[in-house]
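Reproduced below: work_34.tsv, with TSV, C-alpha atoms and all ligand atoms.
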```
chain	number	residue	atom	x	y	z
A	553	MET	CA	0.00	0.00	0.00
A	554	LYS	CA	1.19	3.48	-0.89
A	555	ILE	CA	-0.42	6.89	-0.44
A	556	ILE	CA	0.94	9.39	-2.95
A	557	LEU	CA	0.32	13.11	-2.45
A	558	GLU	CA	0.65	15.37	-5.48
A	559	ASN	CA	0.62	19.14	-4.85
A	560	LEU	CA	-1.90	18.53	-2.09
A	561	GLY	CA	-3.48	21.58	-0.50
A	562	ARG	CA	-6.46	22.34	1.71
A	563	ARG	CA	-7.88	25.68	2.74
A	564	PHE	CA	-10.80	26.80	4.85
A	565	ASN	CA	-12.24	29.95	3.29
A	566	LYS	CA	-9.18	32.03	2.38
A	567	GLU	CA	-6.78	30.40	4.82
A	568	TRP	CA	-4.44	27.75	3.43
A	569	ILE	CA	-3.90	25.12	6.14
A	570	PHE	CA	-1.27	23.39	4.00
A	571	LYS	CA	-0.22	23.68	0.37
A	572	ASP	CA	1.97	21.92	-2.19
A	573	ILE	CA	2.58	18.69	-0.29
A	574	ASN	CA	4.36	16.16	-2.49
A	575	TYR	CA	5.00	13.04	-0.46
A	576	VAL	CA	4.82	9.24	-0.60
A	577	PHE	CA	3.72	7.17	2.41
A	578	SER	CA	4.63	3.47	2.14
A	579	GLN	CA	3.43	0.37	3.98
A	580	GLY	CA	5.83	-0.92	6.64
A	581	GLN	CA	6.87	2.65	7.50
A	582	GLN	CA	5.70	4.86	10.36
A	583	TYR	CA	5.14	8.60	9.95
A	584	ALA	CA	4.67	11.35	12.51
A	585	ILE	CA	2.53	14.30	11.37
A	586	LEU	CA	3.80	17.20	13.48
A	587	GLY	CA	2.93	20.83	14.15
A	588	PRO	CA	1.69	23.03	17.00
A	589	ASN	CA	-1.96	23.24	18.09
A	590	GLY	CA	-4.18	24.44	15.28
A	591	SER	CA	-1.52	24.01	12.58
A	592	GLY	CA	-3.47	21.42	10.56
A	593	LYS	CA	-2.47	17.89	11.62
A	594	SER	CA	-6.06	16.68	11.99
A	595	THR	CA	-7.04	18.44	8.78
A	596	LEU	CA	-4.30	16.63	6.85
A	597	LEU	CA	-5.29	13.29	8.43
A	598	SER	CA	-8.96	13.92	7.51
A	599	VAL	CA	-7.95	14.58	3.90
A	600	LEU	CA	-5.84	11.39	3.86
A	601	LEU	CA	-8.75	9.44	5.36
A	602	GLY	CA	-11.04	10.64	2.57
A	603	ASN	CA	-13.26	12.52	5.06
A	604	LEU	CA	-12.35	15.93	3.62
A	605	THR	CA	-11.71	16.69	-0.03
A	606	PRO	CA	-8.46	18.44	-1.04
A	607	SER	CA	-8.82	22.06	-2.22
A	608	GLU	CA	-6.12	21.37	-4.79
A	609	GLY	CA	-3.85	18.55	-5.90
A	610	LYS	CA	-4.63	14.88	-5.49
A	611	ILE	CA	-4.13	11.73	-3.46
A	612	ILE	CA	-3.47	8.37	-5.09
A	613	TYR	CA	-4.00	5.21	-3.02
A	614	LYS	CA	-2.21	2.25	-4.53
A	615	ASN	CA	-2.25	-1.33	-3.41
A	616	GLN	CA	-1.79	-3.91	-6.18
A	617	LYS	CA	-4.05	-1.54	-8.09
A	618	GLU	CA	-5.42	1.91	-7.45
A	619	ILE	CA	-8.08	2.31	-4.75
A	620	LEU	CA	-10.68	5.06	-5.18
A	621	PRO	CA	-10.80	7.70	-2.42
A	622	GLU	CA	-14.43	6.77	-1.68
A	623	ASP	CA	-13.36	3.16	-0.98
A	624	ILE	CA	-10.22	3.82	1.07
A	625	PHE	CA	-12.06	3.70	4.43
A	626	ASN	CA	-12.11	-0.11	4.10
A	627	SER	CA	-8.30	-0.13	4.31
A	628	ILE	CA	-7.96	2.28	7.25
A	629	SER	CA	-8.32	2.00	11.02
A	630	LEU	CA	-8.58	5.27	12.93
A	631	ALA	CA	-8.32	6.18	16.59
A	632	ALA	CA	-8.84	9.86	17.38
A	633	PRO	CA	-10.36	12.03	20.13
A	634	TYR	CA	-13.06	13.27	17.70
A	635	LEU	CA	-14.10	9.73	16.74
A	636	ASP	CA	-17.39	8.95	18.49
A	637	LEU	CA	-18.24	5.54	19.89
A	638	ILE	CA	-21.87	4.49	20.33
A	639	GLU	CA	-22.50	5.36	23.98
A	640	GLU	CA	-25.41	2.95	24.44
A	641	PHE	CA	-23.38	-0.11	23.44
A	642	THR	CA	-21.59	-2.18	26.06
A	643	LEU	CA	-17.93	-2.94	25.48
A	644	GLN	CA	-18.80	-6.43	24.19
A	645	GLU	CA	-21.39	-4.97	21.81
A	646	THR	CA	-18.90	-2.31	20.65
A	647	ILE	CA	-16.34	-4.98	19.75
A	648	ALA	CA	-18.93	-7.17	18.01
A	649	PHE	CA	-20.26	-4.16	16.05
A	650	HIS	CA	-16.83	-2.92	14.96
A	651	PHE	CA	-15.72	-6.31	13.67
A	652	GLN	CA	-18.83	-6.70	11.53
A	653	PHE	CA	-17.14	-4.16	9.27
A	654	LYS	CA	-13.45	-4.96	9.71
A	655	ALA	CA	-11.63	-8.30	9.90
A	656	TYR	CA	-9.67	-9.23	13.04
A	657	GLN	CA	-5.88	-9.33	12.94
A	658	GLN	CA	-4.72	-12.92	12.52
A	659	GLY	CA	-5.23	-14.93	15.72
A	660	PHE	CA	-7.65	-12.40	17.22
A	661	ASN	CA	-11.31	-12.63	18.18
A	662	ALA	CA	-13.63	-10.72	20.50
A	663	ALA	CA	-12.26	-12.46	23.62
A	664	ALA	CA	-8.68	-11.64	22.63
A	665	VAL	CA	-9.55	-7.96	22.11
A	666	LEU	CA	-11.15	-7.90	25.58
A	667	ASP	CA	-8.05	-9.54	27.05
A	668	LEU	CA	-5.83	-7.01	25.34
A	669	LEU	CA	-7.94	-4.15	26.70
A	670	ALA	CA	-7.69	-5.50	30.25
A	671	LEU	CA	-11.16	-4.05	30.94
A	672	SER	CA	-12.93	-7.38	31.35
A	673	LYS	CA	-14.84	-6.16	34.45
A	674	ALA	CA	-16.38	-3.53	32.17
A	675	GLU	CA	-17.42	-5.84	29.35
A	676	ASP	CA	-21.15	-5.47	30.09
A	677	LYS	CA	-21.00	-1.77	30.93
A	678	PRO	CA	-22.40	0.77	28.40
A	679	LEU	CA	-19.70	3.07	27.08
A	680	LYS	CA	-21.53	6.12	28.42
A	681	TYR	CA	-20.28	5.03	31.87
A	682	PHE	CA	-16.66	4.65	30.71
A	683	SER	CA	-14.04	7.17	31.78
A	684	SER	CA	-12.33	9.15	29.02
A	685	GLY	CA	-9.21	6.99	29.40
A	686	MET	CA	-11.25	3.77	29.12
A	687	LYS	CA	-12.87	5.11	25.93
A	688	GLN	CA	-9.49	6.02	24.48
A	689	ARG	CA	-8.15	2.52	25.24
A	690	THR	CA	-11.21	1.05	23.52
A	691	LYS	CA	-10.66	3.15	20.37
A	692	LEU	CA	-6.99	2.17	20.25
A	693	ALA	CA	-7.69	-1.55	20.73
A	694	LEU	CA	-10.34	-1.54	17.95
A	695	ALA	CA	-7.92	0.20	15.57
A	696	PHE	CA	-4.88	-1.94	16.40
A	697	CYS	CA	-6.76	-5.26	16.25
A	698	ALA	CA	-8.42	-4.64	12.87
A	699	ASP	CA	-6.66	-6.13	9.89
A	700	THR	CA	-6.15	-2.97	7.80
A	701	PRO	CA	-2.97	-1.93	6.00
A	702	ILE	CA	-3.28	1.70	7.18
A	703	LEU	CA	-3.41	2.73	10.85
A	704	VAL	CA	-4.15	6.38	11.67
A	705	LEU	CA	-3.65	7.53	15.25
A	706	ASP	CA	-4.47	11.16	16.05
A	707	GLU	CA	-3.29	12.22	19.54
A	708	PRO	CA	-3.13	8.55	20.56
A	709	THR	CA	-2.38	9.00	24.26
A	710	SER	CA	-4.92	11.76	24.97
A	711	ASN	CA	-6.63	10.89	28.28
A	712	LEU	CA	-4.25	7.98	28.98
A	713	ASP	CA	-2.32	7.72	32.26
A	714	VAL	CA	1.30	6.50	32.50
A	715	GLN	CA	0.24	2.82	32.42
A	716	GLY	CA	-2.05	3.56	29.47
A	717	THR	CA	0.79	5.21	27.58
A	718	ASP	CA	3.05	2.17	28.23
A	719	TRP	CA	0.21	-0.06	27.04
A	720	TYR	CA	-0.09	2.03	23.83
A	721	LEU	CA	3.65	1.74	23.18
A	722	ALA	CA	3.47	-2.06	23.65
A	723	LEU	CA	0.64	-2.20	21.09
A	724	ILE	CA	2.73	-0.14	18.66
A	725	GLU	CA	5.52	-2.74	19.01
A	726	LYS	CA	3.10	-5.58	18.36
A	727	PHE	CA	0.76	-4.20	15.68
A	728	SER	CA	2.48	-1.50	13.64
A	729	LYS	CA	5.50	-3.07	11.92
A	730	ASP	CA	3.90	-4.22	8.66
A	731	ARG	CA	1.43	-1.36	8.37
A	732	LEU	CA	1.48	2.19	7.09
A	733	VAL	CA	1.16	4.14	10.35
A	734	LEU	CA	0.34	7.87	10.59
A	735	VAL	CA	0.53	9.51	14.02
A	736	GLY	CA	-0.77	13.07	14.47
A	737	SER	CA	0.96	14.40	17.56
A	738	ASN	CA	2.92	17.02	19.37
A	739	GLN	CA	4.14	14.73	22.18
A	740	SER	CA	7.45	13.09	21.27
A	741	TYR	CA	6.82	9.95	23.40
A	742	GLU	CA	3.80	9.19	21.17
A	743	TYR	CA	5.78	9.17	17.93
A	744	ASP	CA	9.45	8.46	18.84
A	745	PHE	CA	9.17	5.11	17.06
A	746	CYS	CA	8.32	6.75	13.69
A	747	GLN	CA	11.10	6.70	11.08
A	748	HIS	CA	9.69	9.73	9.27
A	749	GLN	CA	8.43	13.15	10.31
A	750	LEU	CA	6.30	15.52	8.25
A	751	ASN	CA	5.88	18.99	9.77
A	752	ILE	CA	2.79	20.91	8.66
A	753	LEU	CA	4.66	24.20	9.18
A	754	ASP	CA	6.84	23.28	6.17
A	755	TYR	CA	3.73	23.41	3.95
A	756	LYS	CA	2.23	26.77	4.84
A	757	LYS	CA	1.76	29.23	1.98
A	801	LIG	N1	-14.37	22.98	9.33
A	801	LIG	C1	-13.51	24.00	9.50
A	801	LIG	N2	-13.81	25.24	9.08
A	801	LIG	C2	-12.94	26.27	9.22
A	801	LIG	N3	-11.73	26.15	9.80
A	801	LIG	C3	-11.38	24.93	10.25
A	801	LIG	C4	-12.23	23.80	10.13
A	801	LIG	N4	-11.60	22.71	10.67
A	801	LIG	C5	-10.40	23.15	11.09
A	801	LIG	N5	-10.25	24.48	10.84
A	801	LIG	C6	-9.07	25.29	11.12
A	801	LIG	O1	-7.94	24.68	10.54
A	801	LIG	C7	-6.80	24.88	11.35
A	801	LIG	C8	-6.13	23.53	11.63
A	801	LIG	O2	-6.92	22.78	12.55
A	801	LIG	P1	-6.54	21.27	12.95
A	801	LIG	O3	-7.60	20.80	13.88
A	801	LIG	O4	-6.28	20.51	11.73
A	801	LIG	O5	-5.16	21.51	13.73
A	801	LIG	P2	-4.30	20.48	14.61
A	801	LIG	O6	-2.87	20.70	14.21
A	801	LIG	O7	-4.84	19.11	14.48
A	801	LIG	O8	-4.55	21.07	16.07
A	801	LIG	P3	-4.46	20.37	17.55
A	801	LIG	O9	-3.01	20.02	17.79
A	801	LIG	O10	-4.93	21.48	18.44
A	801	LIG	O11	-5.38	19.19	17.53
A	801	LIG	C9	-7.25	25.62	12.59
A	801	LIG	O12	-6.99	27.00	12.39
A	801	LIG	C10	-8.75	25.37	12.61
A	801	LIG	O13	-9.44	26.43	13.21
```
Represent the structure of the file as structure tokens.
Amino acid sequence: MKIILENLGRRFNKEWIFKDINYVFSQGQQYAILGPNGSGKSTLLSVLLGNLTPSEGKIIYKNQKEILPEDIFNSISLAAPYLDLIEEFTLQETIAFHFQFKAYQQGFNAAAVLDLLALSKAEDKPLKYFSSGMKQRTKLALAFCADTPILVLDEPTSNLDVQGTDWYLALIEKFSKDRLVLVGSNQSYEYDFCQHQLNILDYKK
């Protein structure tokens, strides 16, 4: 899998958030998308995810053959603070629902995801009663355990405590090596493992 950006730009009204990005993301490589608050990390990730259209330029998704932007969501797992979970579902229902749409990583099933989450006492609890850290763990586990070539993590350790951050880093070790990983962050401990860094500030007009 490759994501090829050609003169990619996005603006809101008259403000260019980024412009003229020419870049190739490749599977098996990990990329940190960097920049201060409000610089455009989430905007770039949304464009890469196909949730926002570019204002100029284009994105080419290539596996064996080209994948259309409207189909790329099938190949992507996302964990982000702005991603909503269904609050009425219990944890077990959330896992069952998610994996109706995405395949499990090899050797995984619902019980293994629960084990990985280490929230088994909460398996029958609706998510509306989860703490923000428990919700963040749930989003990360769903994204890591889905068998997709692209893994997008925006602010992955938001709301996690020290143990949660260590848990995240262990999951990175286990589940990121063969995938194309994009981490939107401004905390170095979240993205130290990435071989590549792309700073939004380098693409301002
Ligand atoms: N729908 C929108 N309409 C207008 N402006 C927007 C919209 N979405 C984002 N912006 C603006 O785009 C800029 C980049 O926002 P973005 O959320 O991508 O930054 P970020 O780098 O992810 O920030 P943070 O680190 O705080 O999460 C900001 O100035 C923001 O106000």
Return as an mmCIF file with C-alpha atoms, in the coordinates of the input the residues of protein, DNA or RNA that approach ligand LIG 801 (chain A) to within 12 Å, with only C-alpha atoms and all ligand atoms taken into account.
```cif
data_model
loop_
_atom_site.group_PDB
_atom_site.id
_atom_site.type_symbol
_atom_site.label_atom_id
_atom_site.label_comp_id
_atom_site.auth_asym_id
_atom_site.auth_seq_id
_atom_site.Cartn_x
_atom_site.Cartn_y
_atom_site.Cartn_z
ATOM 1 C CA ARG A 562 -6.460 22.340 1.710
ATOM 2 C CA ARG A 563 -7.880 25.680 2.740
ATOM 3 C CA PHE A 564 -10.800 26.800 4.850
ATOM 4 C CA ASN A 565 -12.240 29.950 3.290
ATOM 5 C CA LYS A 566 -9.180 32.030 2.380
ATOM 6 C CA GLU A 567 -6.780 30.400 4.820
ATOM 7 C CA TRP A 568 -4.440 27.750 3.430
ATOM 8 C CA ILE A 569 -3.900 25.120 6.140
ATOM 9 C CA PHE A 570 -1.270 23.390 4.000
ATOM 10 C CA ILE A 585 2.530 14.300 11.370
ATOM 11 C CA LEU A 586 3.800 17.200 13.480
ATOM 12 C CA GLY A 587 2.930 20.830 14.150
ATOM 13 C CA PRO A 588 1.690 23.030 17.000
ATOM 14 C CA ASN A 589 -1.960 23.240 18.090
ATOM 15 C CA GLY A 590 -4.180 24.440 15.280
ATOM 16 C CA SER A 591 -1.520 24.010 12.580
ATOM 17 C CA GLY A 592 -3.470 21.420 10.560
ATOM 18 C CA LYS A 593 -2.470 17.890 11.620
ATOM 19 C CA SER A 594 -6.060 16.680 11.990
ATOM 20 C CA THR A 595 -7.040 18.440 8.780
ATOM 21 C CA LEU A 596 -4.300 16.630 6.850
ATOM 22 C CA LEU A 597 -5.290 13.290 8.430
ATOM 23 C CA SER A 598 -8.960 13.920 7.510
ATOM 24 C CA VAL A 599 -7.950 14.580 3.900
ATOM 25 C CA ASN A 603 -13.260 12.520 5.060
ATOM 26 C CA LEU A 604 -12.350 15.930 3.620
ATOM 27 C CA THR A 605 -11.710 16.690 -0.030
ATOM 28 C CA ALA A 632 -8.840 9.860 17.380
ATOM 29 C CA PRO A 633 -10.360 12.030 20.130
ATOM 30 C CA TYR A 634 -13.060 13.270 17.700
ATOM 31 C CA LEU A 705 -3.650 7.530 15.250
ATOM 32 C CA ASP A 706 -4.470 11.160 16.050
ATOM 33 C CA GLU A 707 -3.290 12.220 19.540
ATOM 34 C CA PRO A 708 -3.130 8.550 20.560
ATOM 35 C CA SER A 710 -4.920 11.760 24.970
ATOM 36 C CA VAL A 735 0.530 9.510 14.020
ATOM 37 C CA GLY A 736 -0.770 13.070 14.470
ATOM 38 C CA SER A 737 0.960 14.400 17.560
ATOM 39 C CA ASN A 738 2.920 17.020 19.370
ATOM 40 C CA GLN A 739 4.140 14.730 22.180
ATOM 41 C CA ASN A 751 5.880 18.990 9.770
ATOM 42 C CA ILE A 752 2.790 20.910 8.660
ATOM 43 C CA LEU A 753 4.660 24.200 9.180
ATOM 44 C CA LYS A 756 2.230 26.770 4.840
#
```
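Separating CA of Arg689 in chain A from CA of Glu622 in chain A is a distance of 28.0 Å.
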State, in Å with one decimal place, the distance from CA of Ile555 in chain A to CA of Glu742 in chain A.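 So the answer is 22.1 Å.
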What lies within 10 Å of range 648-658 of chain A using all atoms listed in the file, ignoring chain neighbours under 5 positions off, as a PDB file with C-alpha atoms, keeping the file's coordinate frame?
```pdb
ATOM      1  CA  ASN A 626     -12.110  -0.110   4.100  1.00  0.00           C
ATOM      2  CA  SER A 627      -8.300  -0.130   4.310  1.00  0.00           C
ATOM      3  CA  ILE A 628      -7.960   2.280   7.250  1.00  0.00           C
ATOM      4  CA  SER A 629      -8.320   2.000  11.020  1.00  0.00           C
ATOM      5  CA  LEU A 637     -18.240   5.540  19.890  1.00  0.00           C
ATOM      6  CA  ILE A 638     -21.870   4.490  20.330  1.00  0.00           C
ATOM      7  CA  PHE A 641     -23.380  -0.110  23.440  1.00  0.00           C
ATOM      8  CA  THR A 642     -21.590  -2.180  26.060  1.00  0.00           C
ATOM      9  CA  LEU A 643     -17.930  -2.940  25.480  1.00  0.00           C
ATOM     10  CA  ALA A 664      -8.680 -11.640  22.630  1.00  0.00           C
ATOM     11  CA  VAL A 665      -9.550  -7.960  22.110  1.00  0.00           C
ATOM     12  CA  LEU A 694     -10.340  -1.540  17.950  1.00  0.00           C
ATOM     13  CA  ALA A 695      -7.920   0.200  15.570  1.00  0.00           C
ATOM     14  CA  PHE A 696      -4.880  -1.940  16.400  1.00  0.00           C
ATOM     15  CA  CYS A 697      -6.760  -5.260  16.250  1.00  0.00           C
ATOM     16  CA  ALA A 698      -8.420  -4.640  12.870  1.00  0.00           C
ATOM     17  CA  ASP A 699      -6.660  -6.130   9.890  1.00  0.00           C
ATOM     18  CA  THR A 700      -6.150  -2.970   7.800  1.00  0.00           C
ATOM     19  CA  PHE A 727       0.760  -4.200  15.680  1.00  0.00           C
TER      20      PHE A 727
END
```
Between A:Val714, A:Ala722, A:Leu732, A:Ala584, which has the minimum distance to Asp744 in chain A (counting all atoms listed in the file)?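 Comparing A:Val714, A:Ala722, A:Leu732, A:Ala584 against Asp744 in chain A, the winner is A:Ala584.
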Closest of A:Lys554, A:Leu750, A:Ser684, A:Asp713 to Glu618 in chain A - atom-to-atom distances counting all atoms listed in the file: A:Lys554
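Nearest residue to Asn615 in chain A, choosing from A:Ile556, A:Cys746, A:Leu679, A:Ala663 and counting all atoms listed in the file: A:Ile556.
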I'd like the contact shell of range 573-581 of chain A - 8 Å cut-off, only C-alpha atoms, skipping same-chain residues fewer than 4 positions apart - returned as a list in words. Met553, Lys554, Ile555, Ile556, Leu557, Glu558, Asn559, Leu560, Gly561, Pro701, Ile702, Ser728, Lys729, Asp730, Arg731, Leu732, Val733, Cys746, Gln747, His748 and Tyr755 of chain A
Can you measure CA of Tyr741 in chain A to CA of Ala693 in chain A for me? One decimal in Å is fine.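 Answer for the CA of Tyr741 in chain A to CA of Ala693 in chain A separation: 18.7 Å.
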Could you give me, as a VMD selection string, the residues that sit within 12 Å of (-11.1, -5.8, 27.1) in the file's coordinates, counting only C-alpha atoms? chain A and resid 642 to 647 661 to 677 686 to 687 689 to 694 697
With N, CA and C atoms as the goal, would you fill in the gaps in range 574-608 of chain A and present it as a PDB file, keeping the file's coordinate frame?
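Writing done, so here's selection_14.pdb:
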```pdb
ATOM      1  N   ASN A 574       4.027  17.286  -1.591  1.00  0.00           N
ATOM      2  CA  ASN A 574       4.360  16.160  -2.490  1.00  0.00           C
ATOM      3  C   ASN A 574       5.064  15.145  -1.607  1.00  0.00           C
ATOM      4  N   TYR A 575       4.466  13.976  -1.451  1.00  0.00           N
ATOM      5  CA  TYR A 575       5.000  13.040  -0.460  1.00  0.00           C
ATOM      6  C   TYR A 575       4.487  11.637  -0.782  1.00  0.00           C
ATOM      7  N   VAL A 576       5.273  10.627  -0.431  1.00  0.00           N
ATOM      8  CA  VAL A 576       4.820   9.240  -0.600  1.00  0.00           C
ATOM      9  C   VAL A 576       4.896   8.527   0.747  1.00  0.00           C
ATOM     10  N   PHE A 577       3.768   8.009   1.206  1.00  0.00           N
ATOM     11  CA  PHE A 577       3.720   7.170   2.410  1.00  0.00           C
ATOM     12  C   PHE A 577       3.697   5.711   1.957  1.00  0.00           C
ATOM     13  N   SER A 578       4.537   4.873   2.562  1.00  0.00           N
ATOM     14  CA  SER A 578       4.630   3.470   2.140  1.00  0.00           C
ATOM     15  C   SER A 578       4.329   2.518   3.297  1.00  0.00           C
ATOM     16  N   GLN A 579       3.739   1.390   2.967  1.00  0.00           N
ATOM     17  CA  GLN A 579       3.430   0.370   3.980  1.00  0.00           C
ATOM     18  C   GLN A 579       4.708  -0.157   4.608  1.00  0.00           C
ATOM     19  N   GLY A 580       4.642  -0.444   5.915  1.00  0.00           N
ATOM     20  CA  GLY A 580       5.830  -0.920   6.640  1.00  0.00           C
ATOM     21  C   GLY A 580       6.637   0.236   7.215  1.00  0.00           C
ATOM     22  N   GLN A 581       6.159   1.471   6.980  1.00  0.00           N
ATOM     23  CA  GLN A 581       6.870   2.650   7.500  1.00  0.00           C
ATOM     24  C   GLN A 581       5.911   3.420   8.427  1.00  0.00           C
ATOM     25  N   GLN A 582       6.506   4.106   9.396  1.00  0.00           N
ATOM     26  CA  GLN A 582       5.700   4.860  10.360  1.00  0.00           C
ATOM     27  C   GLN A 582       6.027   6.347  10.241  1.00  0.00           C
ATOM     28  N   TYR A 583       4.999   7.169  10.227  1.00  0.00           N
ATOM     29  CA  TYR A 583       5.140   8.600   9.950  1.00  0.00           C
ATOM     30  C   TYR A 583       4.494   9.429  11.050  1.00  0.00           C
ATOM     31  N   ALA A 584       5.246  10.399  11.553  1.00  0.00           N
ATOM     32  CA  ALA A 584       4.670  11.350  12.510  1.00  0.00           C
ATOM     33  C   ALA A 584       4.262  12.600  11.744  1.00  0.00           C
ATOM     34  N   ILE A 585       3.014  13.044  11.959  1.00  0.00           N
ATOM     35  CA  ILE A 585       2.530  14.300  11.370  1.00  0.00           C
ATOM     36  C   ILE A 585       2.589  15.329  12.505  1.00  0.00           C
ATOM     37  N   LEU A 586       3.483  16.308  12.358  1.00  0.00           N
ATOM     38  CA  LEU A 586       3.800  17.200  13.480  1.00  0.00           C
ATOM     39  C   LEU A 586       3.370  18.639  13.196  1.00  0.00           C
ATOM     40  N   GLY A 587       3.282  19.405  14.263  1.00  0.00           N
ATOM     41  CA  GLY A 587       2.930  20.830  14.150  1.00  0.00           C
ATOM     42  C   GLY A 587       2.243  21.256  15.427  1.00  0.00           C
ATOM     43  N   PRO A 588       2.327  22.559  15.762  1.00  0.00           N
ATOM     44  CA  PRO A 588       1.690  23.030  17.000  1.00  0.00           C
ATOM     45  C   PRO A 588       0.169  22.965  16.925  1.00  0.00           C
ATOM     46  N   ASN A 589      -0.493  23.231  18.042  1.00  0.00           N
ATOM     47  CA  ASN A 589      -1.960  23.240  18.090  1.00  0.00           C
ATOM     48  C   ASN A 589      -2.520  24.148  16.995  1.00  0.00           C
ATOM     49  N   GLY A 590      -3.508  23.627  16.288  1.00  0.00           N
ATOM     50  CA  GLY A 590      -4.180  24.440  15.280  1.00  0.00           C
ATOM     51  C   GLY A 590      -3.429  24.567  13.968  1.00  0.00           C
ATOM     52  N   SER A 591      -2.321  23.842  13.808  1.00  0.00           N
ATOM     53  CA  SER A 591      -1.520  24.010  12.580  1.00  0.00           C
ATOM     54  C   SER A 591      -2.110  23.230  11.402  1.00  0.00           C
ATOM     55  N   GLY A 592      -2.836  22.141  11.671  1.00  0.00           N
ATOM     56  CA  GLY A 592      -3.470  21.420  10.560  1.00  0.00           C
ATOM     57  C   GLY A 592      -3.224  19.923  10.512  1.00  0.00           C
ATOM     58  N   LYS A 593      -2.734  19.345  11.615  1.00  0.00           N
ATOM     59  CA  LYS A 593      -2.470  17.890  11.620  1.00  0.00           C
ATOM     60  C   LYS A 593      -3.749  17.097  11.376  1.00  0.00           C
ATOM     61  N   SER A 594      -4.801  17.427  12.144  1.00  0.00           N
ATOM     62  CA  SER A 594      -6.060  16.680  11.990  1.00  0.00           C
ATOM     63  C   SER A 594      -6.676  16.926  10.626  1.00  0.00           C
ATOM     64  N   THR A 595      -6.496  18.148  10.105  1.00  0.00           N
ATOM     65  CA  THR A 595      -7.040  18.440   8.780  1.00  0.00           C
ATOM     66  C   THR A 595      -6.339  17.576   7.729  1.00  0.00           C
ATOM     67  N   LEU A 596      -5.012  17.476   7.813  1.00  0.00           N
ATOM     68  CA  LEU A 596      -4.300  16.630   6.850  1.00  0.00           C
ATOM     69  C   LEU A 596      -4.738  15.168   6.998  1.00  0.00           C
ATOM     70  N   LEU A 597      -4.865  14.694   8.245  1.00  0.00           N
ATOM     71  CA  LEU A 597      -5.290  13.290   8.430  1.00  0.00           C
ATOM     72  C   LEU A 597      -6.696  13.082   7.856  1.00  0.00           C
ATOM     73  N   SER A 598      -7.592  14.054   8.058  1.00  0.00           N
ATOM     74  CA  SER A 598      -8.960  13.920   7.510  1.00  0.00           C
ATOM     75  C   SER A 598      -8.943  13.859   5.993  1.00  0.00           C
ATOM     76  N   VAL A 599      -8.052  14.637   5.364  1.00  0.00           N
ATOM     77  CA  VAL A 599      -7.950  14.580   3.900  1.00  0.00           C
ATOM     78  C   VAL A 599      -7.408  13.207   3.483  1.00  0.00           C
ATOM     79  N   LEU A 600      -6.407  12.716   4.203  1.00  0.00           N
ATOM     80  CA  LEU A 600      -5.840  11.390   3.860  1.00  0.00           C
ATOM     81  C   LEU A 600      -6.854  10.276   4.068  1.00  0.00           C
ATOM     82  N   LEU A 601      -7.731  10.453   5.068  1.00  0.00           N
ATOM     83  CA  LEU A 601      -8.750   9.440   5.360  1.00  0.00           C
ATOM     84  C   LEU A 601      -9.902   9.465   4.355  1.00  0.00           C
ATOM     85  N   GLY A 602      -9.933  10.507   3.516  1.00  0.00           N
ATOM     86  CA  GLY A 602     -11.040  10.640   2.570  1.00  0.00           C
ATOM     87  C   GLY A 602     -12.253  11.311   3.178  1.00  0.00           C
ATOM     88  N   ASN A 603     -12.122  11.841   4.417  1.00  0.00           N
ATOM     89  CA  ASN A 603     -13.260  12.520   5.060  1.00  0.00           C
ATOM     90  C   ASN A 603     -13.411  13.972   4.615  1.00  0.00           C
ATOM     91  N   LEU A 604     -12.328  14.555   4.146  1.00  0.00           N
ATOM     92  CA  LEU A 604     -12.350  15.930   3.620  1.00  0.00           C
ATOM     93  C   LEU A 604     -11.744  15.888   2.229  1.00  0.00           C
ATOM     94  N   THR A 605     -12.291  16.674   1.319  1.00  0.00           N
ATOM     95  CA  THR A 605     -11.710  16.690  -0.030  1.00  0.00           C
ATOM     96  C   THR A 605     -10.546  17.698  -0.058  1.00  0.00           C
ATOM     97  N   PRO A 606      -9.522  17.446  -0.882  1.00  0.00           N
ATOM     98  CA  PRO A 606      -8.460  18.440  -1.040  1.00  0.00           C
ATOM     99  C   PRO A 606      -9.017  19.675  -1.750  1.00  0.00           C
ATOM    100  N   SER A 607      -8.443  20.849  -1.469  1.00  0.00           N
ATOM    101  CA  SER A 607      -8.820  22.060  -2.220  1.00  0.00           C
ATOM    102  C   SER A 607      -8.044  22.118  -3.525  1.00  0.00           C
ATOM    103  N   GLU A 608      -6.856  21.509  -3.528  1.00  0.00           N
ATOM    104  CA  GLU A 608      -6.120  21.370  -4.790  1.00  0.00           C
ATOM    105  C   GLU A 608      -5.200  20.160  -4.713  1.00  0.00           C
TER     106      GLU A 608
END
```
